Amino acid sequence: MTDTLSEAVHDVMADAAARAIRPRYQHLAAADIIEKASDDLVTIADRESEAILAEGLARILPEAAIVGEEAAFADPSIMARLGSDLCWIIDPLDGTNNFAHGRAPFGILVALAQGGETIGGWIYDVLSGRFCHARIGEGAYLNGERLTARPTGQNPAIAAISVVFADPVRRAALMDHIAPHYHLVDIPRCAAEQYPRLATGVNDVSLFERTLAWDHAAGVLFLNEAGGKAARFDGTPYRVDEDRRGLIGASSPALWDELAARMAEI
């Protein structure tokens with residue numbers, strides 16, 4: 001993959017942000033927000049952004065299949081495309097709950113997968129324009145500069161633990177056996193913010209229960225290419241074509257190992 005590809009993806013993401021998302025920030029009408037499920041919202045901005053992204057990405061690589069979050073919600077059979085030879089994966093508005101309530105953070109996530117493995121990832125912050133991207137085997141970049149992940153240096157380490165999608169028993173186990181070893185901070189409810197936090201010295205570790213491809217494919221690649229580590233609880237790589245739960249992200253392999261060992265005990 002080339003810088004030309006990342007530039008093209010950036011331009012498509014910026015276009016979707018400018019046309020579909022920013023004009024509606026803090027200006028949504030009640031009819032513009034729909035509850036897909038409990039605590040899971042979609043807005044008119046999500047849908048319009050996905051249409052713009054799908055059209056633009058199809059122009060860049062016409063041979064690639066497309067899996068968008070909202071299209072897959074409407075037709076779950078679309079998920080089968082995740083194992084395609086080439087597949088664009090789109091989260092048109094990550095952090096929708098934040099956006100719908102008129103607050104940051106929120107962003108756009110795009111990934112490119114080949115045979116179920118993520119080979120490119122792009123993360124765009126709609127309000128600031130921060131652009132993170134990574135290419136498999138070629139490193140991670142923040143606003144065009146090569147990035148090396150770094151821990152916070154705090155003791156205890158700073159953890160953002162997502163229990164939104166954990167059942168009550170699991171939630172209690174995490175709070176009882178994992179939380180006491182870390183300084184807990186609120187999760188941003190936005191993967192487009194959480195993964196950059198892990199790579200830039202803001203957070204040390206994160207736990208995720210639900211690991212849908214559009215939420216995690218870009219961020220996992222970005223963190224790993226930056227020299228941090230994101231993987232399943234058992235250490236196996238994250239793949240977009242696997243329907244599994246559970247993922248650890250950490251700013252260093254050592255911090256990942258420490259949290260994984262604790263997770264293995266619960």
# chains A, B, ... in the order shown; residues from 1 in each chain; ligands from 1
>>> closest_atom_pairs(of="stretch 159-263 of chain A", to="stretch 55-71 of chain A", cutoff="9 Å", atoms="only C-alpha atoms", output="Markdown table")
| residue | atom | partner | partner_atom | distance |
| --- | --- | --- | --- | --- |
| A:Ala213 | CA | A:Glu69 | CA | 8.9 |
| A:Trp214 | CA | A:Glu69 | CA | 6.5 |
| A:Asp215 | CA | A:Glu69 | CA | 9.0 |
>>> write_last_selection(atoms="N, CA and C atoms", output="PDB file, in the first residue's frame")
ATOM      1  N   ALA A 213     -16.037  -5.814  13.797  1.00  0.00           N
ATOM      2  CA  ALA A 213     -14.952  -5.439  12.886  1.00  0.00           C
ATOM      3  C   ALA A 213     -14.880  -3.941  12.656  1.00  0.00           C
ATOM      4  N   TRP A 214     -16.041  -3.290  12.472  1.00  0.00           N
ATOM      5  CA  TRP A 214     -15.988  -1.854  12.173  1.00  0.00           C
ATOM      6  C   TRP A 214     -15.510  -1.037  13.366  1.00  0.00           C
ATOM      7  N   ASP A 215     -15.645  -1.564  14.580  1.00  0.00           N
ATOM      8  CA  ASP A 215     -15.163  -0.864  15.758  1.00  0.00           C
ATOM      9  C   ASP A 215     -13.662  -1.061  15.988  1.00  0.00           C
TER      10      ASP A 215
END
>>> select_by_dssp(residues="stretch 27-93 of chain A", states="alpha helix (DSSP H)", output="PyMOL selection string")
chain A and resi 44-60+69-74
>>> residues_around(residues="A:Ala140", least_positions_apart="5", cutoff="9 Å", atoms="only C-alpha atoms", output="PDB file with N, CA and C atoms, in the first residue's frame")
ATOM      1  N   CYS A 132      -5.109   9.213  12.032  1.00  0.00           N
ATOM      2  CA  CYS A 132      -4.216   8.098  12.343  1.00  0.00           C
ATOM      3  C   CYS A 132      -4.340   7.064  11.235  1.00  0.00           C
ATOM      4  N   HIS A 133      -3.219   6.514  10.816  1.00  0.00           N
ATOM      5  CA  HIS A 133      -3.330   5.425   9.851  1.00  0.00           C
ATOM      6  C   HIS A 133      -2.170   4.454  10.003  1.00  0.00           C
ATOM      7  N   ALA A 134      -2.390   3.253   9.546  1.00  0.00           N
ATOM      8  CA  ALA A 134      -1.380   2.201   9.642  1.00  0.00           C
ATOM      9  C   ALA A 134      -1.505   1.274   8.444  1.00  0.00           C
ATOM     10  N   ARG A 135      -0.352   0.718   8.088  1.00  0.00           N
ATOM     11  CA  ARG A 135      -0.307  -0.277   7.016  1.00  0.00           C
ATOM     12  C   ARG A 135       0.442  -1.479   7.553  1.00  0.00           C
ATOM     13  N   GLU A 145       3.146  11.727  10.806  1.00  0.00           N
ATOM     14  CA  GLU A 145       4.410  11.457  11.483  1.00  0.00           C
ATOM     15  C   GLU A 145       4.415  10.045  12.052  1.00  0.00           C
ATOM     16  N   ARG A 146       5.519   9.336  11.873  1.00  0.00           N
ATOM     17  CA  ARG A 146       5.649   7.982  12.410  1.00  0.00           C
ATOM     18  C   ARG A 146       5.457   8.010  13.925  1.00  0.00           C
ATOM     19  N   LEU A 147       4.678   7.084  14.437  1.00  0.00           N
ATOM     20  CA  LEU A 147       4.329   7.054  15.854  1.00  0.00           C
ATOM     21  C   LEU A 147       4.819   5.767  16.505  1.00  0.00           C
ATOM     22  N   THR A 148       5.429   5.898  17.673  1.00  0.00           N
ATOM     23  CA  THR A 148       5.795   4.750  18.500  1.00  0.00           C
ATOM     24  C   THR A 148       4.979   4.817  19.782  1.00  0.00           C
ATOM     25  N   LEU A 221      -4.900  -2.716  14.254  1.00  0.00           N
ATOM     26  CA  LEU A 221      -3.736  -2.621  13.378  1.00  0.00           C
ATOM     27  C   LEU A 221      -2.882  -1.404  13.748  1.00  0.00           C
ATOM     28  N   PHE A 222      -3.530  -0.275  13.983  1.00  0.00           N
ATOM     29  CA  PHE A 222      -2.818   0.946  14.327  1.00  0.00           C
ATOM     30  C   PHE A 222      -1.970   0.753  15.595  1.00  0.00           C
ATOM     31  N   LEU A 223      -2.561   0.170  16.631  1.00  0.00           N
ATOM     32  CA  LEU A 223      -1.851  -0.026  17.889  1.00  0.00           C
ATOM     33  C   LEU A 223      -0.695  -1.011  17.730  1.00  0.00           C
ATOM     34  N   ASN A 224      -0.937  -2.115  17.033  1.00  0.00           N
ATOM     35  CA  ASN A 224       0.126  -3.094  16.836  1.00  0.00           C
ATOM     36  C   ASN A 224       1.270  -2.532  16.003  1.00  0.00           C
ATOM     37  N   GLU A 225       0.939  -1.787  14.973  1.00  0.00           N
ATOM     38  CA  GLU A 225       1.985  -1.211  14.123  1.00  0.00           C
ATOM     39  C   GLU A 225       2.760  -0.111  14.853  1.00  0.00           C
ATOM     40  N   ALA A 226       2.138   0.487  15.872  1.00  0.00           N
ATOM     41  CA  ALA A 226       2.828   1.505  16.666  1.00  0.00           C
ATOM     42  C   ALA A 226       3.769   0.883  17.700  1.00  0.00           C
ATOM     43  N   GLY A 227       3.695  -0.438  17.876  1.00  0.00           N
ATOM     44  CA  GLY A 227       4.551  -1.117  18.835  1.00  0.00           C
ATOM     45  C   GLY A 227       3.870  -1.471  20.134  1.00  0.00           C
TER      46      GLY A 227
END
>>> closest_residue(among="A:Val9, A:Leu41, A:Ala157, A:Leu109", to="A:Tyr195", atoms="only C-alpha atoms")
A:Leu109
>>> residues_around(residues="A:Ile119", least_positions_apart="4", cutoff="8 Å", atoms="only C-alpha atoms", output="list in words")
Ala111, Leu112, Ala113, Gln114, Arg135, Ile136 and Leu221 of chain A
>>> write_last_selection(atoms="all heavy atoms", output="PDB file, in the first residue's frame")
ATOM      1  N   ALA A 111     -11.254   0.392   7.581  1.00  0.00           N
ATOM      2  CA  ALA A 111     -10.195  -0.607   7.514  1.00  0.00           C
ATOM      3  C   ALA A 111     -10.273  -1.319   6.165  1.00  0.00           C
ATOM      4  O   ALA A 111     -11.332  -1.361   5.530  1.00  0.00           O
ATOM      5  CB  ALA A 111     -10.323  -1.617   8.653  1.00  0.00           C
ATOM      6  N   LEU A 112      -9.156  -1.865   5.770  1.00  0.00           N
ATOM      7  CA  LEU A 112      -9.100  -2.703   4.570  1.00  0.00           C
ATOM      8  C   LEU A 112      -8.565  -4.060   4.985  1.00  0.00           C
ATOM      9  O   LEU A 112      -7.494  -4.148   5.607  1.00  0.00           O
ATOM     10  CB  LEU A 112      -8.187  -2.074   3.510  1.00  0.00           C
ATOM     11  CG  LEU A 112      -8.088  -2.814   2.177  1.00  0.00           C
ATOM     12  CD1 LEU A 112      -9.428  -2.820   1.447  1.00  0.00           C
ATOM     13  CD2 LEU A 112      -7.000  -2.186   1.287  1.00  0.00           C
ATOM     14  N   ALA A 113      -9.331  -5.099   4.697  1.00  0.00           N
ATOM     15  CA  ALA A 113      -8.937  -6.454   5.074  1.00  0.00           C
ATOM     16  C   ALA A 113      -8.728  -7.304   3.832  1.00  0.00           C
ATOM     17  O   ALA A 113      -9.344  -7.077   2.785  1.00  0.00           O
ATOM     18  CB  ALA A 113      -9.997  -7.094   5.973  1.00  0.00           C
ATOM     19  N   GLN A 114      -7.872  -8.294   3.980  1.00  0.00           N
ATOM     20  CA  GLN A 114      -7.603  -9.248   2.901  1.00  0.00           C
ATOM     21  C   GLN A 114      -7.679 -10.648   3.488  1.00  0.00           C
ATOM     22  O   GLN A 114      -6.892 -11.004   4.364  1.00  0.00           O
ATOM     23  CB  GLN A 114      -6.223  -8.993   2.299  1.00  0.00           C
ATOM     24  CG  GLN A 114      -5.899  -9.837   1.081  1.00  0.00           C
ATOM     25  CD  GLN A 114      -4.637  -9.352   0.390  1.00  0.00           C
ATOM     26  OE1 GLN A 114      -3.650  -9.019   1.032  1.00  0.00           O
ATOM     27  NE2 GLN A 114      -4.674  -9.306  -0.928  1.00  0.00           N
ATOM     28  N   ARG A 135      -0.352   0.718   8.088  1.00  0.00           N
ATOM     29  CA  ARG A 135      -0.307  -0.277   7.016  1.00  0.00           C
ATOM     30  C   ARG A 135       0.442  -1.479   7.553  1.00  0.00           C
ATOM     31  O   ARG A 135       1.451  -1.312   8.249  1.00  0.00           O
ATOM     32  CB  ARG A 135       0.405   0.304   5.786  1.00  0.00           C
ATOM     33  CG  ARG A 135      -0.287   1.552   5.260  1.00  0.00           C
ATOM     34  CD  ARG A 135       0.603   2.330   4.313  1.00  0.00           C
ATOM     35  NE  ARG A 135       1.827   2.806   4.967  1.00  0.00           N
ATOM     36  CZ  ARG A 135       2.388   3.975   4.702  1.00  0.00           C
ATOM     37  NH1 ARG A 135       1.839   4.784   3.817  1.00  0.00           N
ATOM     38  NH2 ARG A 135       3.501   4.341   5.305  1.00  0.00           N
ATOM     39  N   ILE A 136      -0.008  -2.651   7.248  1.00  0.00           N
ATOM     40  CA  ILE A 136       0.594  -3.838   7.829  1.00  0.00           C
ATOM     41  C   ILE A 136       2.069  -3.918   7.446  1.00  0.00           C
ATOM     42  O   ILE A 136       2.452  -3.803   6.286  1.00  0.00           O
ATOM     43  CB  ILE A 136      -0.175  -5.113   7.409  1.00  0.00           C
ATOM     44  CG1 ILE A 136       0.290  -6.316   8.236  1.00  0.00           C
ATOM     45  CG2 ILE A 136      -0.082  -5.366   5.908  1.00  0.00           C
ATOM     46  CD1 ILE A 136      -0.611  -7.515   8.139  1.00  0.00           C
ATOM     47  N   LEU A 221      -4.900  -2.716  14.254  1.00  0.00           N
ATOM     48  CA  LEU A 221      -3.736  -2.621  13.378  1.00  0.00           C
ATOM     49  C   LEU A 221      -2.882  -1.404  13.748  1.00  0.00           C
ATOM     50  O   LEU A 221      -1.646  -1.493  13.827  1.00  0.00           O
ATOM     51  CB  LEU A 221      -4.169  -2.535  11.919  1.00  0.00           C
ATOM     52  CG  LEU A 221      -3.017  -2.425  10.921  1.00  0.00           C
ATOM     53  CD1 LEU A 221      -2.184  -3.701  10.896  1.00  0.00           C
ATOM     54  CD2 LEU A 221      -3.521  -2.110   9.517  1.00  0.00           C
TER      55      LEU A 221
END
>>> atom_distance(atom1="atom CA of A:Gly139", atom2="atom CA of A:Trp122")
12.5 Å
>>> select_by_dssp(residues="stretch 29-150 of chain A", states="strand (DSSP E or B)", output="count of residues only")
50
>>> atom_distance(atom1="atom CA of A:Leu259", atom2="atom CA of A:Phe131")
28.4 Å
>>> residues_around(residues="stretch 180-192 of chain A", least_positions_apart="3", cutoff="8 Å", atoms="only C-alpha atoms", output="PyMOL selection string")
chain A and resi 94-95+97-98+105-109+123-125+155-162+175-177+195-196+215-216+219
>>> closest_residue(among="A:Arg150, A:Arg19, A:Arg170, A:Lys229", to="A:Arg197", atoms="only C-alpha atoms")
A:Arg150
>>> decode(residues="stretch 170-216 of chain A", atoms="C-alpha atoms", output="mmCIF file, in the first residue's frame")
data_model
loop_
_atom_site.group_PDB
_atom_site.id
_atom_site.type_symbol
_atom_site.label_atom_id
_atom_site.label_comp_id
_atom_site.auth_asym_id
_atom_site.auth_seq_id
_atom_site.Cartn_x
_atom_site.Cartn_y
_atom_site.Cartn_z
ATOM 1 C CA ARG A 170 -18.612 -10.843 33.967
ATOM 2 C CA ARG A 171 -18.863 -7.209 34.985
ATOM 3 C CA ALA A 172 -18.565 -8.115 38.674
ATOM 4 C CA ALA A 173 -15.547 -10.357 38.011
ATOM 5 C CA LEU A 174 -13.769 -7.578 36.129
ATOM 6 C CA MET A 175 -14.420 -5.074 38.872
ATOM 7 C CA ASP A 176 -13.395 -7.474 41.645
ATOM 8 C CA HIS A 177 -10.291 -9.085 40.134
ATOM 9 C CA ILE A 178 -8.927 -6.670 37.533
ATOM 10 C CA ALA A 179 -9.880 -3.133 38.537
ATOM 11 C CA PRO A 180 -7.989 -3.077 41.889
ATOM 12 C CA HIS A 181 -4.658 -3.435 40.055
ATOM 13 C CA TYR A 182 -5.143 -0.325 37.913
ATOM 14 C CA HIS A 183 -6.093 3.316 38.053
ATOM 15 C CA LEU A 184 -9.452 3.269 36.287
ATOM 16 C CA VAL A 185 -10.553 6.050 33.951
ATOM 17 C CA ASP A 186 -13.800 6.451 32.064
ATOM 18 C CA ILE A 187 -14.040 4.863 28.648
ATOM 19 C CA PRO A 188 -14.691 7.345 25.830
ATOM 20 C CA ARG A 189 -17.308 5.040 24.265
ATOM 21 C CA CYS A 190 -15.502 5.623 20.995
ATOM 22 C CA ALA A 191 -12.872 3.264 19.573
ATOM 23 C CA ALA A 192 -11.696 6.072 17.301
ATOM 24 C CA GLU A 193 -10.560 7.801 20.511
ATOM 25 C CA GLN A 194 -9.602 4.794 22.642
ATOM 26 C CA TYR A 195 -6.952 3.337 20.323
ATOM 27 C CA PRO A 196 -5.113 6.653 19.879
ATOM 28 C CA ARG A 197 -5.154 7.069 23.663
ATOM 29 C CA LEU A 198 -3.356 3.738 24.027
ATOM 30 C CA ALA A 199 -0.713 4.712 21.495
ATOM 31 C CA THR A 200 -0.041 8.252 22.683
ATOM 32 C CA GLY A 201 0.603 7.844 26.403
ATOM 33 C CA VAL A 202 -2.871 8.700 27.679
ATOM 34 C CA ASN A 203 -4.036 5.190 28.679
ATOM 35 C CA ASP A 204 -2.015 2.037 29.311
ATOM 36 C CA VAL A 205 -4.524 -0.782 28.842
ATOM 37 C CA SER A 206 -8.081 -1.340 27.692
ATOM 38 C CA LEU A 207 -10.466 -4.266 27.809
ATOM 39 C CA PHE A 208 -13.186 -4.763 25.224
ATOM 40 C CA GLU A 209 -15.971 -7.353 25.320
ATOM 41 C CA ARG A 210 -17.771 -6.693 22.013
ATOM 42 C CA THR A 211 -15.271 -6.675 19.144
ATOM 43 C CA LEU A 212 -17.157 -5.947 15.928
ATOM 44 C CA ALA A 213 -14.952 -5.439 12.886
ATOM 45 C CA TRP A 214 -15.988 -1.854 12.173
ATOM 46 C CA ASP A 215 -15.163 -0.864 15.758
ATOM 47 C CA HIS A 216 -11.789 -2.588 16.086
#
